[in-house]
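Raw data08.pdb, PDB, C-alpha atoms and all ligand atoms:
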```pdb
ATOM      1  CA  MET A   1      10.416   9.197 -17.232
ATOM      2  CA  PRO A   2       9.211   6.026 -18.972
ATOM      3  CA  THR A   3      11.903   4.219 -20.963
ATOM      4  CA  VAL A   4      12.025   0.859 -22.720
ATOM      5  CA  LYS A   5      13.231  -0.732 -19.493
ATOM      6  CA  LYS A   6      11.551   1.354 -16.816
ATOM      7  CA  ARG A   7       8.032   2.504 -16.213
ATOM      8  CA  PRO A   8       6.726   5.042 -13.711
ATOM      9  CA  SER A   9       5.197   4.192 -10.337
ATOM     10  CA  ALA A  10       2.379   1.698  -9.819
ATOM     11  CA  GLN A  11       1.888  -1.116  -7.339
ATOM     12  CA  VAL A  12      -0.904  -3.581  -6.693
ATOM     13  CA  ILE A  13      -1.660  -4.774  -3.202
ATOM     14  CA  ASN A  14      -3.616  -8.019  -3.076
ATOM     15  CA  TYR A  15      -5.428  -8.877   0.140
ATOM     16  CA  GLY A  16      -7.863 -11.796   0.186
ATOM     17  CA  ASN A  17      -9.622 -11.652  -3.181
ATOM     18  CA  LYS A  18      -9.238  -7.875  -3.502
ATOM     19  CA  TYR A  19      -6.748  -5.877  -5.556
ATOM     20  CA  TYR A  20      -5.824  -2.309  -4.659
ATOM     21  CA  LEU A  21      -3.877  -0.142  -7.083
ATOM     22  CA  VAL A  22      -1.455   2.402  -5.642
ATOM     23  CA  ASP A  23      -0.382   5.077  -8.127
ATOM     24  CA  CYS A  24      -0.955   4.679 -11.817
ATOM     25  CA  GLY A  25       1.973   5.919 -13.892
ATOM     26  CA  GLU A  26       1.914   5.837 -17.671
ATOM     27  CA  GLY A  27       1.512   2.318 -19.035
ATOM     28  CA  THR A  28       0.122   0.803 -15.822
ATOM     29  CA  GLN A  29      -2.693  -0.998 -17.645
ATOM     30  CA  VAL A  30      -0.175  -2.774 -19.868
ATOM     31  CA  GLN A  31       1.827  -3.805 -16.820
ATOM     32  CA  LEU A  32      -1.364  -5.123 -15.184
ATOM     33  CA  ARG A  33      -2.016  -7.248 -18.242
ATOM     34  CA  LYS A  34       1.548  -8.551 -18.157
ATOM     35  CA  GLN A  35       0.976  -9.558 -14.539
ATOM     36  CA  LYS A  36      -2.353 -11.156 -15.519
ATOM     37  CA  ILE A  37      -4.311  -8.985 -13.127
ATOM     38  CA  SER A  38      -7.775  -8.316 -14.511
ATOM     39  CA  LEU A  39      -8.450  -4.591 -14.815
ATOM     40  CA  LEU A  40     -11.979  -5.269 -13.620
ATOM     41  CA  LYS A  41     -10.788  -6.724 -10.327
ATOM     42  CA  ILE A  42      -9.526  -3.307  -9.245
ATOM     43  CA  ASN A  43     -12.188  -1.368  -7.361
ATOM     44  CA  HIS A  44      -9.989   1.010  -5.357
ATOM     45  CA  ILE A  45      -7.209   3.223  -6.722
ATOM     46  CA  PHE A  46      -4.977   5.334  -4.477
ATOM     47  CA  ILE A  47      -3.012   8.227  -5.997
ATOM     48  CA  SER A  48      -0.209   9.664  -3.870
ATOM     49  CA  HIS A  49       0.063  13.042  -5.621
ATOM     50  CA  LEU A  50      -0.577  14.812  -8.872
ATOM     51  CA  HIS A  51       2.852  14.599 -10.484
ATOM     52  CA  GLY A  52       2.419  12.872 -13.820
ATOM     53  CA  ASP A  53       4.723   9.940 -13.100
ATOM     54  CA  HIS A  54       2.138   8.831 -10.518
ATOM     55  CA  TYR A  55      -1.113   9.196 -12.442
ATOM     56  CA  PHE A  56      -0.640   9.680 -16.209
ATOM     57  CA  GLY A  57      -1.865   6.113 -16.708
ATOM     58  CA  LEU A  58      -5.181   6.730 -14.995
ATOM     59  CA  ILE A  59      -7.331   8.059 -17.872
ATOM     60  CA  GLY A  60      -6.215   5.161 -20.056
ATOM     61  CA  LEU A  61      -7.072   2.645 -17.357
ATOM     62  CA  VAL A  62     -10.442   4.306 -16.675
ATOM     63  CA  ASN A  63     -11.253   4.178 -20.397
ATOM     64  CA  SER A  64     -10.182   0.543 -20.790
ATOM     65  CA  MET A  65     -12.369  -0.445 -17.844
ATOM     66  CA  HIS A  66     -15.279   1.165 -19.724
ATOM     67  CA  LEU A  67     -14.413  -0.680 -22.955
ATOM     68  CA  LEU A  68     -14.275  -3.952 -21.024
ATOM     69  CA  GLY A  69     -17.880  -3.400 -19.959
ATOM     70  CA  ARG A  70     -17.327  -2.443 -16.373
ATOM     71  CA  THR A  71     -20.505  -1.521 -14.514
ATOM     72  CA  LYS A  72     -19.227  -1.691 -10.955
ATOM     73  CA  GLU A  73     -18.335   1.632  -9.367
ATOM     74  CA  LEU A  74     -14.677   2.590  -9.077
ATOM     75  CA  ASN A  75     -13.269   4.382  -6.033
ATOM     76  CA  ILE A  76     -10.412   6.826  -6.569
ATOM     77  CA  TYR A  77      -8.614   8.272  -3.543
ATOM     78  CA  ALA A  78      -6.512  11.236  -4.632
ATOM     79  CA  PRO A  79      -5.619  14.814  -3.827
ATOM     80  CA  LYS A  80      -8.000  17.584  -4.799
ATOM     81  CA  GLY A  81      -7.824  18.148  -8.553
ATOM     82  CA  MET A  82      -8.129  14.540  -9.723
ATOM     83  CA  THR A  83     -11.859  14.836 -10.480
ATOM     84  CA  ALA A  84     -11.302  17.836 -12.763
ATOM     85  CA  ILE A  85      -8.367  16.138 -14.527
ATOM     86  CA  ILE A  86     -10.418  13.066 -15.422
ATOM     87  CA  ASP A  87     -13.573  15.035 -16.240
ATOM     88  CA  VAL A  88     -11.871  17.407 -18.669
ATOM     89  CA  GLN A  89     -10.567  14.448 -20.676
ATOM     90  CA  LEU A  90     -13.897  12.619 -20.691
ATOM     91  CA  ASN A  91     -15.824  15.791 -21.543
ATOM     92  CA  ALA A  92     -13.484  16.693 -24.403
ATOM     93  CA  ALA A  93     -14.295  13.318 -25.939
ATOM     94  CA  ASN A  94     -17.988  13.664 -25.136
ATOM     95  CA  ALA A  95     -17.580  10.301 -23.387
ATOM     96  CA  ARG A  96     -19.882   8.796 -20.815
ATOM     97  CA  LEU A  97     -18.634   5.876 -18.741
ATOM     98  CA  ASN A  98     -20.778   2.771 -18.169
ATOM     99  CA  TYR A  99     -19.842   2.957 -14.539
ATOM    100  CA  LYS A 100     -19.610   5.510 -11.762
ATOM    101  CA  ILE A 101     -16.374   6.880 -10.344
ATOM    102  CA  ILE A 102     -16.533   7.801  -6.680
ATOM    103  CA  TYR A 103     -13.833  10.336  -5.837
ATOM    104  CA  HIS A 104     -12.473  10.459  -2.321
ATOM    105  CA  GLU A 105     -10.666  13.774  -2.117
ATOM    106  CA  LEU A 106      -7.647  13.728   0.163
ATOM    107  CA  THR A 107      -6.901  17.024   1.885
ATOM    108  CA  GLU A 108      -5.878  16.149   5.467
ATOM    109  CA  LYS A 109      -2.402  17.008   6.668
ATOM    110  CA  GLN A 110      -2.590  14.343   9.387
ATOM    111  CA  SER A 111      -2.783  10.605   8.893
ATOM    112  CA  VAL A 112      -6.380   9.496   8.431
ATOM    113  CA  CYS A 113      -8.085   6.169   7.879
ATOM    114  CA  ILE A 114      -9.557   6.301   4.367
ATOM    115  CA  TYR A 115     -10.650   2.692   3.980
ATOM    116  CA  ASP A 116     -12.026   0.319   6.563
ATOM    117  CA  GLU A 117     -13.420  -3.027   5.543
ATOM    118  CA  LYS A 118     -13.455  -6.546   6.864
ATOM    119  CA  GLY A 119      -9.893  -7.416   7.773
ATOM    120  CA  LEU A 120      -8.155  -4.359   6.349
ATOM    121  CA  GLU A 121      -7.619  -0.666   7.025
ATOM    122  CA  ILE A 122      -5.824   1.823   4.799
ATOM    123  CA  HIS A 123      -4.377   5.001   6.301
ATOM    124  CA  THR A 124      -2.715   7.969   4.646
ATOM    125  CA  ILE A 125       0.921   8.730   5.422
ATOM    126  CA  PRO A 126       1.425  12.504   5.078
ATOM    127  CA  LEU A 127       4.627  13.076   3.084
ATOM    128  CA  LYS A 128       6.783  16.113   2.338
ATOM    129  CA  HIS A 129       7.010  16.894  -1.371
ATOM    130  CA  ARG A 130       6.720  19.906  -3.681
ATOM    131  CA  ILE A 131       2.962  19.396  -3.807
ATOM    132  CA  TYR A 132       0.473  17.772  -1.447
ATOM    133  CA  THR A 133       1.383  14.083  -1.184
ATOM    134  CA  ASN A 134       0.331  11.026   0.803
ATOM    135  CA  GLY A 135       1.797   7.601   1.168
ATOM    136  CA  PHE A 136      -0.503   4.722   2.083
ATOM    137  CA  LEU A 137      -0.351   2.281   4.956
ATOM    138  CA  PHE A 138      -2.145  -1.049   4.525
ATOM    139  CA  LYS A 139      -2.903  -2.525   7.931
ATOM    140  CA  GLU A 140      -4.405  -5.899   8.511
ATOM    141  CA  LYS A 141      -6.813  -5.894  11.459
ATOM    142  CA  PRO A 142      -6.089  -8.225  14.375
ATOM    143  CA  LEU A 143      -6.776 -11.800  13.344
ATOM    144  CA  LEU A 144      -8.974 -14.217  15.276
ATOM    145  CA  ARG A 145      -7.478 -16.248  18.103
ATOM    146  CA  LYS A 146      -6.995 -19.943  17.387
ATOM    147  CA  MET A 147      -9.182 -22.466  19.160
ATOM    148  CA  LYS A 148      -7.561 -25.254  21.163
ATOM    149  CA  GLN A 149      -9.557 -28.018  19.499
ATOM    150  CA  GLU A 150      -9.532 -30.436  22.465
ATOM    151  CA  LYS A 151     -11.236 -27.833  24.698
ATOM    152  CA  ILE A 152     -14.366 -27.841  22.548
ATOM    153  CA  ALA A 153     -15.312 -31.396  23.497
ATOM    154  CA  TYR A 154     -13.956 -31.112  27.065
ATOM    155  CA  TYR A 155     -16.120 -28.099  27.983
ATOM    156  CA  GLU A 156     -18.936 -29.069  25.605
ATOM    157  CA  ILE A 157     -18.684 -25.711  23.848
ATOM    158  CA  PRO A 158     -21.613 -25.270  21.447
ATOM    159  CA  HIS A 159     -20.766 -24.466  17.843
ATOM    160  CA  TYR A 160     -22.426 -21.040  17.896
ATOM    161  CA  LYS A 161     -20.097 -19.870  20.697
ATOM    162  CA  ILE A 162     -16.874 -20.621  18.832
ATOM    163  CA  ASN A 163     -16.635 -17.358  16.916
ATOM    164  CA  ASP A 164     -17.135 -15.245  20.066
ATOM    165  CA  ILE A 165     -14.364 -17.209  21.774
ATOM    166  CA  LYS A 166     -12.068 -16.715  18.777
ATOM    167  CA  GLU A 167     -12.773 -12.988  19.125
ATOM    168  CA  GLY A 168     -11.650 -13.125  22.758
ATOM    169  CA  ALA A 169     -14.760 -13.976  24.828
ATOM    170  CA  ASP A 170     -14.574 -16.206  27.903
ATOM    171  CA  PHE A 171     -16.856 -19.233  28.118
ATOM    172  CA  ILE A 172     -19.301 -20.103  30.912
ATOM    173  CA  ASP A 173     -19.639 -23.867  31.209
ATOM    174  CA  LYS A 174     -22.731 -25.827  32.251
ATOM    175  CA  ASN A 175     -21.808 -25.507  35.960
ATOM    176  CA  GLY A 176     -21.675 -21.708  35.642
ATOM    177  CA  GLU A 177     -17.909 -21.619  35.870
ATOM    178  CA  VAL A 178     -16.066 -18.988  33.810
ATOM    179  CA  ILE A 179     -13.360 -20.510  31.626
ATOM    180  CA  PRO A 180     -10.918 -17.731  30.689
ATOM    181  CA  ASN A 181     -10.293 -17.214  27.007
ATOM    182  CA  THR A 182      -6.533 -17.765  27.290
ATOM    183  CA  HIS A 183      -7.285 -21.297  28.521
ATOM    184  CA  LEU A 184      -9.300 -22.022  25.389
ATOM    185  CA  THR A 185      -7.316 -20.352  22.639
ATOM    186  CA  PHE A 186      -3.880 -19.648  21.232
ATOM    187  CA  PRO A 187      -2.920 -16.055  20.373
ATOM    188  CA  PRO A 188      -3.667 -15.042  16.770
ATOM    189  CA  ALA A 189      -1.035 -14.931  14.053
ATOM    190  CA  PRO A 190       0.540 -11.453  13.890
ATOM    191  CA  SER A 191      -1.277  -8.968  11.654
ATOM    192  CA  LEU A 192       0.637  -7.734   8.637
ATOM    193  CA  SER A 193       1.238  -4.234   7.366
ATOM    194  CA  TYR A 194       2.688  -2.629   4.269
ATOM    195  CA  ALA A 195       3.642   1.013   3.698
ATOM    196  CA  TYR A 196       4.119   2.871   0.419
ATOM    197  CA  CYS A 197       6.068   6.129   0.734
ATOM    198  CA  SER A 198       6.609   8.016  -2.516
ATOM    199  CA  ASP A 199       7.439  10.859  -3.212
ATOM    200  CA  THR A 200       8.990  12.525  -0.223
ATOM    201  CA  ALA A 201      11.893  14.408   1.248
ATOM    202  CA  TYR A 202      13.303  12.887   4.430
ATOM    203  CA  LYS A 203      10.440  13.059   6.936
ATOM    204  CA  GLU A 204      11.210  11.514  10.268
ATOM    205  CA  ASP A 205       7.842  12.190  11.862
ATOM    206  CA  ILE A 206       6.250   9.374   9.820
ATOM    207  CA  VAL A 207       8.316   6.832  11.776
ATOM    208  CA  PRO A 208       5.700   6.181  14.516
ATOM    209  CA  LEU A 209       3.087   5.457  11.830
ATOM    210  CA  LEU A 210       5.399   2.923  10.213
ATOM    211  CA  SER A 211       6.353   1.225  13.464
ATOM    212  CA  ASN A 212       7.209  -2.466  12.902
ATOM    213  CA  VAL A 213       5.845  -2.452   9.381
ATOM    214  CA  ASP A 214       6.410  -5.797   7.630
ATOM    215  CA  ALA A 215       7.464  -4.210   4.363
ATOM    216  CA  LEU A 216       8.208  -0.613   3.531
ATOM    217  CA  TYR A 217       8.509   0.780   0.042
ATOM    218  CA  HIS A 218      10.310   4.120   0.219
ATOM    219  CA  GLU A 219      11.451   6.228  -2.667
ATOM    220  CA  ALA A 220      15.210   6.591  -3.084
ATOM    221  CA  THR A 221      15.495   8.988  -5.980
ATOM    222  CA  PHE A 222      19.185   9.786  -5.469
ATOM    223  CA  LEU A 223      22.444   8.384  -4.234
ATOM    224  CA  GLU A 224      24.053  10.111  -1.278
ATOM    225  CA  ASN A 225      26.310  12.402  -3.348
ATOM    226  CA  GLU A 226      23.169  14.129  -4.662
ATOM    227  CA  LYS A 227      21.917  14.928  -1.183
ATOM    228  CA  ASP A 228      21.561  18.649  -1.960
ATOM    229  CA  LEU A 229      19.594  17.936  -5.104
ATOM    230  CA  ALA A 230      17.358  15.569  -3.134
ATOM    231  CA  LYS A 231      16.629  18.313  -0.640
ATOM    232  CA  LYS A 232      15.963  20.876  -3.360
ATOM    233  CA  THR A 233      13.554  18.605  -5.240
ATOM    234  CA  PHE A 234      11.842  17.211  -2.106
ATOM    235  CA  HIS A 235      13.045  13.700  -2.719
ATOM    236  CA  SER A 236      15.056  11.263  -0.573
ATOM    237  CA  THR A 237      18.485   9.767  -0.913
ATOM    238  CA  VAL A 238      18.807   6.031  -0.536
ATOM    239  CA  ARG A 239      20.497   6.522   2.822
ATOM    240  CA  GLN A 240      17.557   8.580   4.057
ATOM    241  CA  ALA A 241      15.130   5.872   2.919
ATOM    242  CA  ALA A 242      17.188   3.325   4.835
ATOM    243  CA  ALA A 243      17.202   5.550   7.926
ATOM    244  CA  ILE A 244      13.392   5.653   7.888
ATOM    245  CA  ALA A 245      13.281   1.842   7.605
ATOM    246  CA  ASN A 246      15.780   1.499  10.430
ATOM    247  CA  LYS A 247      13.993   3.893  12.792
ATOM    248  CA  SER A 248      10.626   2.289  11.971
ATOM    249  CA  LYS A 249      11.986  -1.186  12.774
ATOM    250  CA  ALA A 250      10.642  -2.342   9.426
ATOM    251  CA  SER A 251      11.207  -5.997   8.544
ATOM    252  CA  ALA A 252      12.187  -5.149   4.967
ATOM    253  CA  LEU A 253      12.790  -2.106   2.809
ATOM    254  CA  TYR A 254      12.126  -1.927  -0.923
ATOM    255  CA  ILE A 255      13.601   1.022  -2.788
ATOM    256  CA  GLY A 256      12.659   2.508  -6.139
ATOM    257  CA  HIS A 257      11.725   5.728  -7.983
ATOM    258  CA  PHE A 258      15.352   6.177  -9.032
ATOM    259  CA  SER A 259      16.149   9.327 -10.973
ATOM    260  CA  ALA A 260      16.370   8.936 -14.759
ATOM    261  CA  ARG A 261      20.122   9.680 -14.506
ATOM    262  CA  TYR A 262      20.647   6.173 -13.084
ATOM    263  CA  THR A 263      20.524   2.822 -14.844
ATOM    264  CA  THR A 264      20.407  -0.733 -13.516
ATOM    265  CA  GLU A 265      24.202  -0.498 -13.328
ATOM    266  CA  HIS A 266      23.785   1.802 -10.339
ATOM    267  CA  TYR A 267      21.613  -0.656  -8.405
ATOM    268  CA  ALA A 268      24.583  -2.204  -6.620
ATOM    269  CA  GLN A 269      25.588   1.208  -5.354
ATOM    270  CA  PHE A 270      22.047   1.959  -4.192
ATOM    271  CA  LEU A 271      22.019  -1.323  -2.290
ATOM    272  CA  GLN A 272      25.432  -0.751  -0.795
ATOM    273  CA  GLU A 273      24.577   2.724   0.517
ATOM    274  CA  ALA A 274      21.247   1.480   1.892
ATOM    275  CA  LYS A 275      22.686  -1.590   3.581
ATOM    276  CA  GLU A 276      25.183   0.490   5.530
ATOM    277  CA  VAL A 277      22.125   1.834   7.354
ATOM    278  CA  PHE A 278      19.531  -0.942   6.949
ATOM    279  CA  GLU A 279      20.591  -4.446   6.001
ATOM    280  CA  GLN A 280      17.233  -5.801   4.817
ATOM    281  CA  THR A 281      17.065  -3.604   1.711
ATOM    282  CA  LYS A 282      16.030  -4.777  -1.727
ATOM    283  CA  ILE A 283      15.521  -3.126  -5.086
ATOM    284  CA  ALA A 284      11.860  -2.971  -6.088
ATOM    285  CA  ASN A 285      12.218  -4.381  -9.577
ATOM    286  CA  GLU A 286       9.412  -4.085 -12.075
ATOM    287  CA  GLY A 287       7.152  -7.096 -11.902
ATOM    288  CA  ASP A 288       8.445  -8.329  -8.547
ATOM    289  CA  ILE A 289       5.859 -10.115  -6.449
ATOM    290  CA  ILE A 290       6.395  -9.915  -2.708
ATOM    291  CA  ALA A 291       4.444 -12.295  -0.489
ATOM    292  CA  LEU A 292       4.126 -11.029   3.068
ATOM    293  CA  ARG A 293       2.284 -14.157   4.133
ATOM    294  CA  PRO A 294       3.501 -17.095   2.045
TER     295      PRO A 294
HETATM  296 ZN    ZN A 301       6.508  13.829  -7.277
HETATM  297 ZN    ZN A 302       7.509  10.743  -8.649
END
```

Translate this file's structure into structure tokens.
Amino acid sequence: MPTVKKRPSAQVINYGNKYYLVDCGEGTQVQLRKQKISLLKINHIFISHLHGDHYFGLIGLVNSMHLLGRTKELNIYAPKGMTAIIDVQLNAANARLNYKIIYHELTEKQSVCIYDEKGLEIHTIPLKHRIYTNGFLFKEKPLLRKMKQEKIAYYEIPHYKINDIKEGADFIDKNGEVIPNTHLTFPPAPSLSYAYCSDTAYKEDIVPLLSNVDALYHEATFLENEKDLAKKTFHSTVRQAAAIANKSKASALYIGHFSARYTTEHYAQFLQEAKEVFEQTKIANEGDIIALRP
């Protein structure tokens, strides 16, 4: 529930010059403005499920984009039903947007790749909730190998060959000798990944998907003493979130989506229960910016 201090779920993932919005709870557009992220920079929106705390901000955002003169198409990835929800509101107002919305209906029960562009893939993470729900895994593609600069002059490597070599090709020198790639390059920097898992009951079979993730956001709606309630409402306790991070060998866990019964005074207890299972746990505070590659 939105309060003066807390707003429902929404996160922005920035990769290169692109901004991806994940969930769009009530008031998200105001939060975007606070963070100085232009609404028009967002071309892809991912909605985990159709509970209001994850999408009630969407029609407002869609309308503001129109008022700001957007003409570029907007991609919305969401469970079946999203199209009708937006359309009924636009139709009731007899409104026509300046731009086109492309809906990508999510129905698969298995993890699927839903976005594949230069450098980045986005996969669904099938979750276990009262209604059909997906998390989202942002995976950077393998980066280019790094050229050993001195080898360029030594083997007289022409400029146009450099990119192939960075992608892993060997080089044949002027005498016809094959110079292996490993002799010419350093391994690439490790690729990064980020996973968003909300809302979900404890679901261990997502662990292989999350393997070695650099940062994991996992809902932790309840403290451990509300374990039964968590099960009944298809949510996770903080300890369960930490167990998923631990089994996934995540580098860091961010927890949020706390039940309205808790206040910031409970954060210490959330952290304590999490850290008993997974040390690298942090609270996902509103407005926090997390740099995976400084
Ligand atoms: Zn939910
Ligand atoms: Zn929720």

Run the PyMOL selection byres (((not hetatm)) within 10 of (chain A and resi 302)) mentally over the shown coordinates, then write out the matched residues as a PyMOL selection string, using the chain letters and numbers from the document. chain A and resi 1+8-9+23+25+48-55+129+198-200+219+221+235+257-259

Please determine, counting all atoms listed in the file, which residue among A:Gly57, A:Gln269, A:Ala260, A:Tyr254 has the shortest atom-to-atom distance to Ile289 in chain A. A:Tyr254

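Distance check against ligand ZN 301 (chain A) using only C-alpha atoms and all ligand atoms: of A:Ala268, A:Ile131, A:Ala195, A:Ala250, the minimum falls on A:Ile131.
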
Set the distance at 8 Å and use all atoms listed in the file: which residues neighbour Glu140 in chain A once local chain neighbours fewer than 4 positions away are removed? I'd like the list as a ChimeraX atom specification. /A:119-121,191-193

Nearest residue to Leu253 in chain A out of A:Glu204, A:Ile122, A:Ser236, A:Tyr194, using all atoms listed in the file? A:Tyr194

Evaluating the PyMOL selection byres (((chain A and resi 279) around 10) and not hetatm) on the displayed file yields which residues, as a ChimeraX atom specification? /A:242,245-246,251-253,271-278,280-282

With distances taken over only C-alpha atoms, which residue among A:Ser248, A:Asn98, A:Gln89, A:Ser38 lies nearest Leu67 in chain A? A:Asn98

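You can rank A:Leu40, A:Ala95, A:Ile45, A:Val12 by their closest distance to Arg70 in chain A using all atoms listed in the file, and at the top of that list sits A:Leu40.
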
Taking the file as I've supplied it (selection: the PyMOL selection byres (((chain A and resi 14) around 12) and not hetatm)), which residues are included? Please answer as number ranges by chain. A: 11-13, 15-22, 37, 41-44, 120, 138, 140, 194, 289-293

Residues near Ile255 in chain A, cut-off 8 Å, only C-alpha atoms, skip fewer than 6 positions along chain, as JSON, numbers by chain: {"A": [217, 218, 219, 220, 238, 241, 281, 282, 283, 284]}

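The space between CA of Pro187 in chain A and CA of Arg145 in chain A spans 5.1 Å.
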
Give me, as a compact mmCIF listing (two decimals) with C-alpha atoms, keeping the file's coordinate frame, all polymer residues having an atom no more than 7 Å from Tyr103 in chain A, counting all atoms listed in the file and skipping those fewer than 5 positions away in the same chain.
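Once everything was written out, this is out_9.txt:
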```
# COMPACT_ATOMS: atom_id res chain seq x y z
CA ASN A 75 -13.27 4.38 -6.03
CA ILE A 76 -10.41 6.83 -6.57
CA TYR A 77 -8.61 8.27 -3.54
CA THR A 83 -11.86 14.84 -10.48
```

Selection: 10 Å around range 160-165 of chain A, only C-alpha atoms, excl. self and same-chain fewer than 6 positions, as a PDB file with C-alpha atoms, in the coordinates of the input:
```
ATOM      1  CA  LEU A 144      -8.974 -14.217  15.276  1.00  0.00           C
ATOM      2  CA  ARG A 145      -7.478 -16.248  18.103  1.00  0.00           C
ATOM      3  CA  LYS A 146      -6.995 -19.943  17.387  1.00  0.00           C
ATOM      4  CA  MET A 147      -9.182 -22.466  19.160  1.00  0.00           C
ATOM      5  CA  ILE A 152     -14.366 -27.841  22.548  1.00  0.00           C
ATOM      6  CA  PHE A 171     -16.856 -19.233  28.118  1.00  0.00           C
ATOM      7  CA  PRO A 180     -10.918 -17.731  30.689  1.00  0.00           C
ATOM      8  CA  ASN A 181     -10.293 -17.214  27.007  1.00  0.00           C
ATOM      9  CA  THR A 182      -6.533 -17.765  27.290  1.00  0.00           C
ATOM     10  CA  LEU A 184      -9.300 -22.022  25.389  1.00  0.00           C
ATOM     11  CA  THR A 185      -7.316 -20.352  22.639  1.00  0.00           C
TER      12      THR A 185
END
```

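The shortest atom-to-atom distance to ligand ZN 301 (chain A), with only C-alpha atoms and all ligand atoms taken into account, belongs to A:Thr133 out of A:Gln240, A:Asn91, A:Thr133, A:Thr263.
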